[in-house]
>>> print(open('coords-v5.cif').read())   # mmCIF, C-alpha atoms
data_coords
loop_
_atom_site.label_atom_id
_atom_site.label_comp_id
_atom_site.auth_asym_id
_atom_site.auth_seq_id
_atom_site.Cartn_x
_atom_site.Cartn_y
_atom_site.Cartn_z
CA MET A 1 0.00 0.00 0.00
CA LYS A 2 2.67 2.43 1.07
CA SER A 3 4.94 1.47 -1.77
CA ARG A 4 2.08 2.04 -4.19
CA ARG A 5 1.71 5.57 -2.89
CA PHE A 6 5.39 6.15 -3.25
CA SER A 7 5.28 4.86 -6.83
CA ALA A 8 2.34 7.16 -7.51
CA PHE A 9 4.46 10.03 -6.22
CA VAL A 10 7.24 9.18 -8.68
CA ASP A 11 4.72 8.80 -11.51
CA ALA A 12 3.30 12.24 -10.74
CA ILE A 13 6.73 13.83 -10.65
CA LEU A 14 7.66 12.23 -13.97
CA GLY A 15 4.39 13.37 -15.52
CA ASN A 16 4.85 16.91 -14.19
CA ARG A 17 1.65 16.52 -12.17
CA ARG A 18 0.87 17.46 -8.60
CA PRO A 19 1.53 14.41 -6.39
CA ARG A 20 -1.26 13.24 -4.13
CA ARG A 21 -0.74 13.64 -0.44
CA PHE A 22 0.28 10.68 1.67
CA GLU A 23 2.28 10.05 4.80
CA PRO A 24 5.75 9.07 3.71
CA ARG A 25 7.76 6.64 5.77
CA ALA A 26 11.15 7.81 6.92
CA GLU A 27 12.85 5.91 4.11
CA ASP A 28 10.51 7.44 1.54
CA ALA A 29 11.59 11.01 2.25
CA ASP A 30 15.12 10.51 0.91
CA ALA A 31 13.84 8.70 -2.15
CA MET A 32 11.30 11.47 -2.80
CA ARG A 33 14.08 14.02 -2.62
CA ALA A 34 16.15 12.06 -5.13
CA ALA A 35 13.17 11.74 -7.48
CA ILE A 36 12.65 15.50 -7.34
CA GLU A 37 16.30 16.16 -8.03
CA LEU A 38 16.38 13.78 -10.98
CA ARG A 39 13.23 15.28 -12.42
CA ALA A 40 14.44 18.86 -12.00
CA SER A 41 17.71 18.06 -13.75
CA GLN A 42 15.93 17.12 -16.95
CA PRO A 43 16.55 19.52 -19.79
CA GLY A 44 14.29 22.52 -19.68
CA ALA A 45 12.33 21.23 -16.69
CA THR A 46 12.80 24.30 -14.58
CA LEU A 47 11.61 26.77 -17.21
CA PRO A 48 8.43 28.58 -16.24
CA SER A 49 5.94 28.76 -19.07
CA PRO A 50 5.43 32.22 -20.58
CA GLU A 51 1.70 31.75 -20.01
CA PHE A 52 2.23 31.29 -16.28
CA VAL A 53 4.55 34.30 -16.06
CA ALA A 54 2.06 36.52 -17.89
CA ASP A 55 -0.96 35.19 -16.00
CA LEU A 56 0.62 35.70 -12.59
CA HIS A 57 1.66 39.17 -13.68
CA ARG A 58 -1.98 39.98 -14.42
CA ARG A 59 -3.21 38.49 -11.15
CA LEU A 60 -0.66 40.47 -9.15
CA ALA A 61 -1.62 43.62 -11.02
CA ASP A 62 -5.22 43.07 -9.96
CA GLU A 63 -4.12 42.70 -6.36
CA PHE A 64 -1.27 45.17 -6.06
CA GLY A 65 -1.60 47.50 -9.03
CA ASP A 66 -2.43 51.13 -8.38
CA ALA A 67 -5.62 52.02 -10.18
CA ASP A 68 -5.17 55.74 -9.45
CA ALA A 69 -1.73 56.07 -10.90
CA GLU A 70 -2.31 57.45 -14.35
CA ALA A 71 1.31 58.04 -15.07
CA THR A 72 2.37 54.49 -14.52
CA GLU A 73 2.67 52.06 -17.36
CA PRO A 74 -0.35 49.96 -18.16
CA ILE A 75 -0.28 47.26 -15.54
CA GLU A 76 -2.21 44.66 -17.43
CA ARG A 77 0.16 44.43 -20.32
CA PRO A 78 1.50 40.95 -20.67
CA VAL A 79 5.15 40.30 -20.15
CA SER A 80 6.91 41.51 -23.23
CA ARG A 81 8.22 38.85 -25.53
CA ARG A 82 11.63 40.45 -25.36
CA ARG A 83 11.60 40.21 -21.61
CA VAL A 84 10.53 36.60 -21.67
CA LEU A 85 13.18 35.78 -24.20
CA GLN A 86 15.88 37.48 -22.19
CA GLY A 87 14.91 35.74 -19.01
CA ILE A 88 14.17 32.38 -20.41
CA THR A 89 17.19 32.22 -22.62
CA ALA A 90 19.29 32.69 -19.54
CA VAL A 91 17.36 30.02 -17.74
CA ALA A 92 17.52 27.73 -20.73
CA ALA A 93 21.25 28.15 -20.91
CA ALA A 94 21.38 27.11 -17.31
CA ALA A 95 19.03 24.27 -17.83
CA ALA A 96 21.63 21.83 -18.73
CA ALA A 97 20.55 20.77 -22.06
CA VAL A 98 22.95 23.10 -23.61
CA GLY A 99 22.49 21.33 -26.86
CA VAL A 100 18.79 20.87 -26.51
CA VAL A 101 17.18 23.85 -24.92
CA VAL A 102 19.22 26.63 -26.32
CA ASP A 103 16.72 29.33 -26.91
CA ARG A 104 13.09 29.87 -26.18
CA GLU A 105 12.68 30.53 -29.88
CA LEU A 106 13.13 26.84 -30.39
CA LEU A 107 10.31 26.11 -28.02
CA ASN A 108 7.76 28.69 -29.07
CA PRO A 109 8.79 30.13 -32.37
CA ALA A 110 5.57 31.82 -33.28
CA ASP A 111 3.53 33.27 -30.48
CA ASP A 112 1.99 35.75 -32.86
CA GLY A 113 0.67 32.90 -34.94
CA LYS A 114 2.06 34.45 -38.11
CA THR A 115 5.43 32.86 -38.35
CA THR A 116 5.61 29.38 -39.67
CA ALA A 117 7.34 27.12 -37.22
CA THR A 118 10.32 25.52 -38.83
CA ALA A 119 12.68 22.94 -37.52
CA LYS A 120 16.10 24.13 -36.47
CA SER A 121 19.34 22.39 -36.09
CA LEU A 122 21.07 22.35 -32.75
CA GLU A 123 24.74 22.97 -33.08
CA PRO A 124 26.73 23.75 -29.96
CA ASP A 125 29.47 26.36 -30.10
CA HIS A 126 31.96 23.97 -28.62
CA GLY A 127 30.71 20.51 -29.33
CA THR A 128 32.44 17.19 -29.62
CA TRP A 129 31.45 14.03 -31.41
CA GLN A 130 30.25 11.60 -28.78
CA ARG A 131 29.50 7.94 -29.19
CA VAL A 132 25.92 7.08 -28.25
CA ALA A 133 25.50 3.59 -29.70
CA ALA A 134 27.09 0.93 -31.83
CA THR A 135 26.01 1.13 -35.45
CA THR A 136 24.73 -2.42 -35.16
CA ASP A 137 22.40 -1.29 -32.36
CA VAL A 138 20.57 0.98 -34.77
CA PRO A 139 19.70 -1.13 -37.81
CA PRO A 140 17.45 0.29 -40.53
CA GLY A 141 14.00 1.05 -39.16
CA GLU A 142 15.27 1.29 -35.59
CA VAL A 143 14.81 4.23 -33.23
CA THR A 144 17.16 4.44 -30.26
CA PRO A 145 17.09 6.97 -27.44
CA PHE A 146 20.38 8.49 -26.42
CA ALA A 147 21.56 10.70 -23.59
CA THR A 148 24.92 12.39 -23.34
CA ALA A 149 25.87 14.47 -20.33
CA THR A 150 24.28 17.48 -21.99
CA THR A 151 21.87 16.31 -24.66
CA VAL A 152 19.02 13.84 -24.95
CA GLY A 153 17.37 12.68 -28.13
CA PHE A 154 16.71 9.87 -30.55
CA VAL A 155 18.76 8.38 -33.33
CA VAL A 156 16.62 7.19 -36.23
CA ASN A 157 17.90 4.86 -38.91
CA ASP A 158 15.73 5.61 -41.89
CA GLY A 159 16.58 3.00 -44.51
CA GLY A 160 20.27 3.23 -43.78
CA ASN A 161 20.34 7.00 -43.32
CA LEU A 162 20.95 8.16 -39.79
CA ARG A 163 19.34 11.23 -38.30
CA ALA A 164 19.16 12.47 -34.73
CA LEU A 165 16.43 14.52 -33.14
CA SER A 166 16.18 16.38 -29.90
CA GLY A 167 14.21 14.33 -27.36
CA VAL A 168 12.71 17.36 -25.64
CA CYS A 169 9.19 18.51 -26.41
CA THR A 170 9.17 21.99 -27.91
CA HIS A 171 6.11 22.88 -25.85
CA GLN A 172 7.36 22.95 -22.29
CA GLY A 173 10.44 20.85 -22.29
CA CYS A 174 9.15 17.43 -21.24
CA LEU A 175 11.12 14.39 -22.33
CA LEU A 176 9.58 12.60 -25.29
CA LYS A 177 8.89 8.93 -25.40
CA HIS A 178 9.22 6.65 -28.40
CA ASN A 179 5.85 5.19 -29.27
CA GLN A 180 6.95 2.14 -31.18
CA ALA A 181 3.46 0.95 -32.07
CA ASP A 182 2.56 4.19 -33.80
CA GLY A 183 6.05 5.07 -34.97
CA ARG A 184 6.16 8.48 -33.36
CA LEU A 185 7.50 10.44 -30.39
CA ASP A 186 4.90 11.22 -27.73
CA CYS A 187 5.03 13.91 -25.10
CA PRO A 188 3.90 12.44 -21.76
CA CYS A 189 3.05 15.84 -20.28
CA HIS A 190 0.44 17.20 -22.66
CA ARG A 191 -1.19 15.65 -25.67
CA ALA A 192 1.34 16.16 -28.45
CA ALA A 193 3.27 13.89 -30.77
CA PHE A 194 6.05 14.27 -33.31
CA SER A 195 6.90 12.16 -36.33
CA LEU A 196 10.26 10.47 -36.58
CA ASP A 197 11.20 13.37 -38.88
CA GLY A 198 10.54 15.78 -36.03
CA ASP A 199 7.34 17.21 -37.52
CA VAL A 200 4.38 17.94 -35.27
CA LEU A 201 1.74 15.25 -35.78
CA PHE A 202 -0.79 16.69 -33.37
CA GLN A 203 -1.14 18.87 -30.32
CA GLN A 204 -4.12 19.47 -28.12
CA PHE A 205 -3.41 22.88 -26.73
CA PRO A 206 -3.50 26.36 -28.21
CA GLY A 207 -0.52 27.98 -29.91
CA THR A 208 2.08 26.91 -32.38
CA LEU A 209 4.34 24.00 -31.65
CA ALA A 210 7.78 23.96 -33.23
CA PRO A 211 9.10 20.82 -34.90
CA LEU A 212 11.89 19.00 -33.12
CA PRO A 213 15.35 20.37 -33.78
CA THR A 214 17.80 17.99 -35.37
CA VAL A 215 21.14 17.07 -33.88
CA LYS A 216 24.18 16.29 -36.01
CA VAL A 217 24.86 12.60 -36.20
CA ARG A 218 27.36 10.39 -38.02
CA ASP A 219 28.43 6.81 -38.37
CA ARG A 220 32.13 6.52 -37.63
CA ASP A 221 33.98 3.23 -37.45
CA GLY A 222 30.95 1.27 -36.37
CA ASN A 223 29.88 3.86 -33.83
CA VAL A 224 26.95 6.24 -33.94
CA GLU A 225 28.15 9.64 -32.78
CA VAL A 226 26.26 12.86 -32.11
CA TYR A 227 27.71 16.34 -31.99
CA ALA A 228 26.94 17.71 -28.54
CA PRO A 229 28.47 19.92 -25.87
CA PRO A 230 31.03 18.03 -23.81
CA PRO A 231 30.48 17.32 -20.11
CA VAL A 232 31.57 20.14 -17.86
CA MET B 233 14.29 46.70 3.89
CA PRO B 234 11.15 44.63 3.86
CA VAL B 235 9.11 44.02 6.92
CA ASN B 236 6.36 41.80 8.20
CA ASP B 237 3.28 43.15 9.71
CA ASP B 238 2.02 42.12 13.12
CA ASP B 239 -0.69 39.81 11.92
CA PRO B 240 0.27 36.40 13.27
CA SER B 241 -1.39 34.77 10.28
CA GLU B 242 1.17 36.36 8.01
CA PRO B 243 4.36 34.45 7.39
CA THR B 244 7.31 35.76 9.27
CA PRO B 245 10.20 34.92 7.04
CA MET B 246 12.43 37.69 8.23
CA THR B 247 12.44 36.43 11.77
CA ASN B 248 13.16 32.91 10.66
CA ALA B 249 15.78 33.77 8.16
CA THR B 250 19.46 33.86 8.64
CA GLY B 251 21.96 36.19 7.05
CA PRO B 252 20.20 39.12 5.47
CA ALA B 253 17.21 38.51 7.70
CA ALA B 254 19.19 39.75 10.66
CA SER B 255 19.10 43.32 9.32
CA PRO B 256 17.72 46.07 11.56
CA PRO B 257 13.96 46.47 11.91
CA ALA B 258 12.23 48.21 9.06
CA PRO B 259 9.84 51.12 9.12
CA PRO B 260 6.14 50.38 9.54
CA VAL B 261 4.33 48.62 6.77
CA ARG B 262 2.51 50.70 4.25
CA PRO B 263 -1.09 49.98 3.37
CA LEU B 264 -1.45 47.66 0.41
CA GLY B 265 -1.96 49.09 -3.04
CA THR B 266 0.41 52.01 -2.72
CA ILE B 267 3.49 50.37 -4.08
CA ALA B 268 3.39 52.16 -7.38
CA HIS B 269 3.68 55.53 -5.60
CA LEU B 270 6.93 54.68 -3.96
CA HIS B 271 9.48 55.27 -6.62
CA SER B 272 13.00 55.24 -5.54
CA VAL B 273 15.92 55.96 -7.74
CA GLY B 274 19.28 54.35 -7.79
CA PRO B 275 21.02 51.61 -9.66
CA ASP B 276 20.43 49.03 -6.94
CA ARG B 277 16.72 49.73 -6.51
CA TYR B 278 13.66 48.49 -8.36
CA PRO B 279 11.48 51.25 -9.79
CA ASP B 280 8.20 49.46 -9.09
CA TRP B 281 6.66 46.16 -8.09
CA GLU B 282 6.47 45.01 -11.69
CA SER B 283 10.22 45.26 -11.97
CA ILE B 284 10.53 43.19 -8.81
CA TYR B 285 8.26 40.59 -10.32
CA LEU B 286 9.76 40.48 -13.79
CA ASP B 287 13.31 40.36 -12.54
CA ASN B 288 12.71 37.58 -10.07
CA VAL B 289 9.86 35.40 -11.25
CA GLU B 290 11.98 33.04 -13.32
CA ARG B 291 14.76 32.88 -10.77
CA LEU B 292 12.31 32.00 -8.00
CA TYR B 293 10.34 29.56 -10.11
CA ARG B 294 13.50 27.70 -10.96
CA ILE B 295 14.43 27.33 -7.30
CA MET B 296 10.88 26.28 -6.42
CA TYR B 297 10.72 23.72 -9.24
CA SER B 298 13.98 22.18 -8.16
CA ARG B 299 12.43 21.63 -4.71
CA VAL B 300 9.05 20.19 -5.73
CA GLY B 301 9.76 18.60 -9.13
CA ASN B 302 6.42 19.36 -10.76
CA ARG B 303 4.92 22.30 -12.53
CA PRO B 304 1.54 22.79 -10.78
CA ASP B 305 3.14 22.98 -7.34
CA ALA B 306 6.02 25.14 -8.57
CA GLU B 307 3.55 27.57 -10.13
CA ASP B 308 1.28 27.72 -7.09
CA LEU B 309 4.14 28.19 -4.66
CA THR B 310 5.84 30.83 -6.81
CA ALA B 311 2.54 32.71 -6.99
CA GLU B 312 2.11 32.40 -3.24
CA VAL B 313 5.57 33.84 -2.63
CA PHE B 314 4.84 36.95 -4.68
CA ARG B 315 1.34 37.41 -3.27
CA THR B 316 2.70 37.10 0.26
CA ALA B 317 5.82 39.16 -0.22
CA LEU B 318 4.65 42.02 -2.42
CA GLY B 319 2.27 43.31 0.25
CA PRO B 320 4.81 44.20 2.92
CA LEU B 321 7.67 44.89 0.53
CA ARG B 322 8.81 48.44 0.14
CA VAL B 323 10.02 49.20 -3.33
CA SER B 324 12.70 51.45 -1.87
CA ALA B 325 14.44 48.41 -0.44
CA SER B 326 17.63 47.49 -2.21
CA ILE B 327 17.61 44.72 -4.79
CA GLY B 328 19.59 42.53 -2.41
CA GLU B 329 17.09 43.10 0.38
CA VAL B 330 14.16 42.43 -1.91
CA ARG B 331 15.65 39.14 -3.04
CA ALA B 332 16.52 38.09 0.49
CA TYR B 333 12.95 38.80 1.50
CA LEU B 334 11.50 36.93 -1.46
CA LEU B 335 13.70 33.94 -0.68
CA ALA B 336 12.87 34.00 3.02
CA THR B 337 9.19 34.06 2.07
CA ALA B 338 9.82 31.19 -0.36
CA ARG B 339 11.43 29.20 2.42
CA THR B 340 8.41 29.64 4.66
CA VAL B 341 5.96 28.90 1.84
CA LEU B 342 7.83 25.73 0.83
CA ALA B 343 8.08 24.45 4.41
CA ALA B 344 4.34 24.98 4.91
CA HIS B 345 3.63 23.19 1.64
CA TRP B 346 5.49 20.05 2.68
CA LYS B 347 4.01 20.04 6.17
CA ARG B 348 0.51 20.46 4.79
CA ARG B 349 0.78 17.83 2.09
CA PHE B 350 3.15 15.23 3.47
CA GLY B 351 3.54 16.04 7.16
CA THR B 352 7.29 16.39 6.84
CA GLU B 353 9.74 18.64 5.00
CA ILE B 354 11.08 16.73 2.01
CA THR B 355 13.17 19.60 0.64
CA SER B 356 14.02 23.06 1.91
CA ILE B 357 15.53 26.34 0.85
CA ASP B 358 18.98 27.28 2.04
CA MET B 359 19.21 31.00 2.68
CA GLU B 360 22.88 31.15 1.85
CA ASP B 361 23.27 28.92 -1.20
CA ASP B 362 19.93 29.73 -2.76
CA LEU B 363 20.38 33.46 -2.23
CA ALA B 364 23.65 33.22 -4.12
CA SER B 365 21.95 31.52 -7.05
CA LEU B 366 19.03 33.94 -6.86
CA ASN B 367 21.37 36.91 -7.07
CA ASP B 368 23.65 35.41 -9.63
CA PRO B 369 22.05 32.51 -11.50
CA PRO B 370 24.72 30.14 -12.77
CA ALA B 371 25.28 30.50 -16.50
CA GLU B 372 25.09 26.76 -16.81
CA SER B 373 23.57 24.27 -14.42
CA ASP B 374 25.73 21.40 -13.31
CA ALA B 375 22.66 19.31 -12.45
CA PRO B 376 22.82 16.98 -15.51
CA GLN B 377 26.48 16.25 -14.91
CA ARG B 378 25.83 15.64 -11.24
CA VAL B 379 22.95 13.32 -12.05
CA ALA B 380 25.01 11.51 -14.70
CA ARG B 381 27.73 10.95 -12.11
CA ILE B 382 25.22 9.67 -9.58
CA LEU B 383 23.62 7.28 -12.07
CA ALA B 384 27.04 6.02 -13.11
CA ALA B 385 28.02 5.41 -9.50
CA LEU B 386 24.91 3.34 -8.73
CA PRO B 387 24.89 -0.44 -8.92
CA GLU B 388 24.07 -1.41 -12.50
CA ARG B 389 20.42 -2.33 -12.03
CA TYR B 390 19.72 0.71 -9.88
CA GLY B 391 21.26 2.96 -12.51
CA ARG B 392 19.38 1.15 -15.25
CA ILE B 393 15.91 1.58 -13.78
CA LEU B 394 16.47 5.25 -13.02
CA GLU B 395 17.81 5.84 -16.50
CA LEU B 396 14.77 4.13 -18.04
CA ARG B 397 12.36 6.04 -15.83
CA PHE B 398 13.94 9.48 -15.64
CA LEU B 399 15.90 9.79 -18.88
CA GLN B 400 13.88 7.65 -21.23
CA SER B 401 10.39 8.23 -19.82
CA TYR B 402 9.55 4.55 -19.48
CA SER B 403 6.50 3.70 -17.40
CA LEU B 404 7.16 1.43 -14.46
CA ARG B 405 5.53 -1.43 -16.36
CA GLU B 406 7.69 -0.83 -19.44
CA ALA B 407 10.79 -0.59 -17.30
CA ALA B 408 9.87 -3.86 -15.61
CA ARG B 409 9.49 -5.52 -19.01
CA ALA B 410 12.77 -4.09 -20.28
CA MET B 411 14.57 -5.37 -17.21
CA ASN B 412 12.74 -8.67 -17.20
CA VAL B 413 11.39 -8.32 -13.66
CA SER B 414 7.89 -8.23 -12.24
CA LEU B 415 6.09 -4.96 -11.75
CA SER B 416 6.33 -5.22 -7.98
CA ASN B 417 10.04 -5.96 -8.25
CA ALA B 418 10.46 -2.89 -10.41
CA LYS B 419 8.71 -0.81 -7.75
CA VAL B 420 11.05 -2.09 -5.08
CA LEU B 421 14.05 -1.59 -7.35
CA GLN B 422 13.00 1.96 -8.11
CA HIS B 423 12.55 2.78 -4.45
CA ARG B 424 15.91 1.33 -3.45
CA ALA B 425 17.65 3.00 -6.38
CA LEU B 426 16.25 6.38 -5.40
CA ARG B 427 17.26 5.92 -1.79
CA ARG B 428 20.76 5.00 -2.85
CA ALA B 429 20.84 7.95 -5.26
CA ALA B 430 19.83 10.23 -2.39
CA GLN B 431 22.73 8.91 -0.33
CA LEU B 432 25.18 9.48 -3.17
CA ALA B 433 23.83 12.98 -3.75
CA GLU B 434 24.26 13.74 -0.08
CA GLU B 435 27.81 12.42 -0.10
CA ALA B 436 28.60 14.46 -3.21
CA ARG B 437 27.63 17.61 -1.32
#
>>> encode(input="coords-v5.cif", output="structure tokens")
Amino acid sequence: MKSRRFSAFVDAILGNRRPRRFEPRAEDADAMRAAIELRASQPGATLPSPEFVADLHRRLADEFGDADAEATEPIERPVSRRRVLQGITAVAAAAAAVGVVVDRELLNPADDGKTTATAKSLEPDHGTWQRVAATTDVPPGEVTPFATATTVGFVVNDGGNLRALSGVCTHQGCLLKHNQADGRLDCPCHRAAFSLDGDVLFQQFPGTLAPLPTVKVRDRDGNVEVYAPPPV
Amino acid sequence: MPVNDDDPSEPTPMTNATGPAASPPAPPVRPLGTIAHLHSVGPDRYPDWESIYLDNVERLYRIMYSRVGNRPDAEDLTAEVFRTALGPLRVSASIGEVRAYLLATARTVLAAHWKRRFGTEITSIDMEDDLASLNDPPAESDAPQRVARILAALPERYGRILELRFLQSYSLREAARAMNVSLSNAKVLQHRALRRAAQLAEEAR
């Protein structure tokens, strides 16, 4: 019973959901702390969504704004895109996935709905080629997840041609999961899925979703290597 | 500097806090809703409450997320910090004082969250370390490297189940299948692996 509740806690953390309350045993507390730390270290996990930042801004303006102050700037204006980009780019840079979450532009390329979202390539400034699998592990038709110290993604062998995609959802940074049955990459956090080319197959939330960025990949001496930032 | 009011129902982060919290008592609290009138000039001051919010919301959210590990709680607690702190905060306080106050409030809010939901504090905010990262967010987090080191240091099966669950988003059932164990064994394995990971993380600090 208790272990089921602990497992439910881990499931909630992994799904970015609010865990249900329970009374943890002494030995659970340490494990809960580790689960939180592992979850928070995932690329992009600690980024606040622009919607949350703007919504809280509006709520605080309702509560603390000064209705009499004519000279002050309009309080209800949403957070400027520039501001969000400045802040979030800094956060994204800190978010570990140096090769994956580089810029908020990659996550939400078109909040005005006018720009067509296009896939981008992730190329680190100071990358190295890093082995992620043996070539024989990725035969034609195979999809293999990989994780370097700084980058997570999938290597796809499409009829003998290798390609690598970021494994981070461009919505809010959740880690994607390979759905083998349907041949696609699913986001476990919200209803969204990408093709093995990185294109958006569907999303069930408003706004534009960017395709998955590609990561450089090569086959070298029987090894599959991706070009990613080295470990610090 | 920021102050608390005398209402016992209000959090009292400044009295609990260490470091910056030990500053001298502040002037009386202003009534709510007058923040926008109090403009103070100077390079180390915020011009208004919106500047306080915009400059700190992402920094605070990031700290909060790293303590609760899920978005709904991180959002609610971040909102609670600002709603609690912006009332008594004077805009004329220095940026350092504002951040210390926000963090002290965050510490109280987080502690209350854990007590309320789980009866015990699972994680907490450290006034010294977290204030340093609030003031000067690291350009690059070392969390993935630290986690990679921890996973590598775990016994093979412990590392494997955590990698499947946390890096490859496997469900517990899928992880059990991949490791050729029963679901209940996978649960036990996951629990033990996390406990061991917590020990290693503690040792690493």
>>> residues_around(input="coords-v5.cif", residues="range 387-398 of chain B", least_positions_apart="3", cutoff="7 Å", atoms="only C-alpha atoms", output="ChimeraX atom specification")
/A:38-39 /B:383-384,401-403,407,421-422,425
>>> closest_atom_pairs(input="coords-v5.cif", of="chain B", to="chain A", cutoff="7 Å", atoms="only C-alpha atoms", output="CSV")
residue,atom,partner,partner_atom,distance
B:Leu264,CA,A:Phe64,CA,6.9
B:Gly265,CA,A:Phe64,CA,5.0
B:Thr266,CA,A:Asp66,CA,6.4
B:Ala268,CA,A:Asp66,CA,6.0
B:Glu290,CA,A:Pro48,CA,6.4
B:Tyr293,CA,A:Pro48,CA,6.5
B:Arg294,CA,A:Thr46,CA,5.0
B:Tyr297,CA,A:Thr46,CA,5.8
B:Ser298,CA,A:Ala40,CA,5.1
B:Arg299,CA,A:Ile36,CA,6.7
B:Val300,CA,A:Ile36,CA,6.1
B:Gly301,CA,A:Ile36,CA,4.6
B:Asn302,CA,A:Asn16,CA,4.5
B:Arg303,CA,A:Asn16,CA,5.6
B:Pro304,CA,A:Arg18,CA,5.8
B:Asp305,CA,A:Arg18,CA,6.1
B:Ala311,CA,A:Leu56,CA,6.6
B:Arg315,CA,A:Leu60,CA,6.9
B:Arg349,CA,A:Arg21,CA,5.1
B:Phe350,CA,A:Glu23,CA,5.4
B:Gly351,CA,A:Glu23,CA,6.6
B:Ile354,CA,A:Ala29,CA,5.7
B:Thr355,CA,A:Arg33,CA,6.5
B:Pro370,CA,A:Ala94,CA,6.4
B:Ala371,CA,A:Ala94,CA,5.2
B:Glu372,CA,A:Ala94,CA,3.8
B:Ser373,CA,A:Ala94,CA,4.6
B:Asp374,CA,A:Ala96,CA,6.8
B:Ala375,CA,A:Ser41,CA,5.3
B:Pro376,CA,A:Ser41,CA,5.5
B:Gln377,CA,A:Ala149,CA,5.7
B:Val379,CA,A:Leu38,CA,6.7
B:Ala380,CA,A:Ala149,CA,6.4
B:Phe398,CA,A:Arg39,CA,6.7
B:Gln400,CA,A:Lys177,CA,6.6
B:Ser401,CA,A:Lys177,CA,5.8
B:Lys419,CA,A:Ser7,CA,6.7
B:His423,CA,A:Ala31,CA,6.5
B:Leu426,CA,A:Ala31,CA,4.7
B:Arg427,CA,A:Ala31,CA,4.4
B:Ala429,CA,A:Ala34,CA,6.2
B:Ala430,CA,A:Ala34,CA,4.9
>>> closest_residue(input="coords-v5.cif", among="A:Val168, A:Ala228, A:Leu212, A:Ala134", to="Leu196 in chain A", atoms="all atoms listed in the file")
A:Leu212
>>> atom_distance(input="coords-v5.cif", atom1="CA of Gln172 in chain A", atom2="CA of Cys189 in chain A")
8.6 Å
>>> residues_near_point(input="coords-v5.cif", point="(2.5, 18.4, -38.4)", cutoff="12 Å", atoms="all atoms listed in the file", output="mmCIF file with C-alpha atoms, in the coordinates of the input")
data_model
loop_
_atom_site.group_PDB
_atom_site.id
_atom_site.type_symbol
_atom_site.label_atom_id
_atom_site.label_comp_id
_atom_site.auth_asym_id
_atom_site.auth_seq_id
_atom_site.Cartn_x
_atom_site.Cartn_y
_atom_site.Cartn_z
ATOM 1 C CA THR A 116 5.610 29.380 -39.670
ATOM 2 C CA ALA A 117 7.340 27.120 -37.220
ATOM 3 C CA THR A 118 10.320 25.520 -38.830
ATOM 4 C CA ALA A 119 12.680 22.940 -37.520
ATOM 5 C CA ARG A 184 6.160 8.480 -33.360
ATOM 6 C CA ALA A 192 1.340 16.160 -28.450
ATOM 7 C CA ALA A 193 3.270 13.890 -30.770
ATOM 8 C CA PHE A 194 6.050 14.270 -33.310
ATOM 9 C CA SER A 195 6.900 12.160 -36.330
ATOM 10 C CA LEU A 196 10.260 10.470 -36.580
ATOM 11 C CA ASP A 197 11.200 13.370 -38.880
ATOM 12 C CA GLY A 198 10.540 15.780 -36.030
ATOM 13 C CA ASP A 199 7.340 17.210 -37.520
ATOM 14 C CA VAL A 200 4.380 17.940 -35.270
ATOM 15 C CA LEU A 201 1.740 15.250 -35.780
ATOM 16 C CA PHE A 202 -0.790 16.690 -33.370
ATOM 17 C CA GLN A 203 -1.140 18.870 -30.320
ATOM 18 C CA THR A 208 2.080 26.910 -32.380
ATOM 19 C CA LEU A 209 4.340 24.000 -31.650
ATOM 20 C CA ALA A 210 7.780 23.960 -33.230
ATOM 21 C CA PRO A 211 9.100 20.820 -34.900
ATOM 22 C CA LEU A 212 11.890 19.000 -33.120
#
>>> closest_residue(input="coords-v5.cif", among="A:Gly160, A:His190, A:Val143, A:Leu165", to="Val226 in chain A", atoms="only C-alpha atoms")
A:Leu165
>>> atom_distance(input="coords-v5.cif", atom1="CA of Arg220 in chain A", atom2="CA of Ala133 in chain A")
10.7 Å
>>> axis_aligned_box(input="coords-v5.cif", around="range 185-190 of chain A", padding_each_side="4 Å", output="AutoDock Vina command-line options")
--center_x 4.0 --center_y 13.8 --center_z -25.3 --size_x 15.1 --size_y 14.8 --size_z 18.1
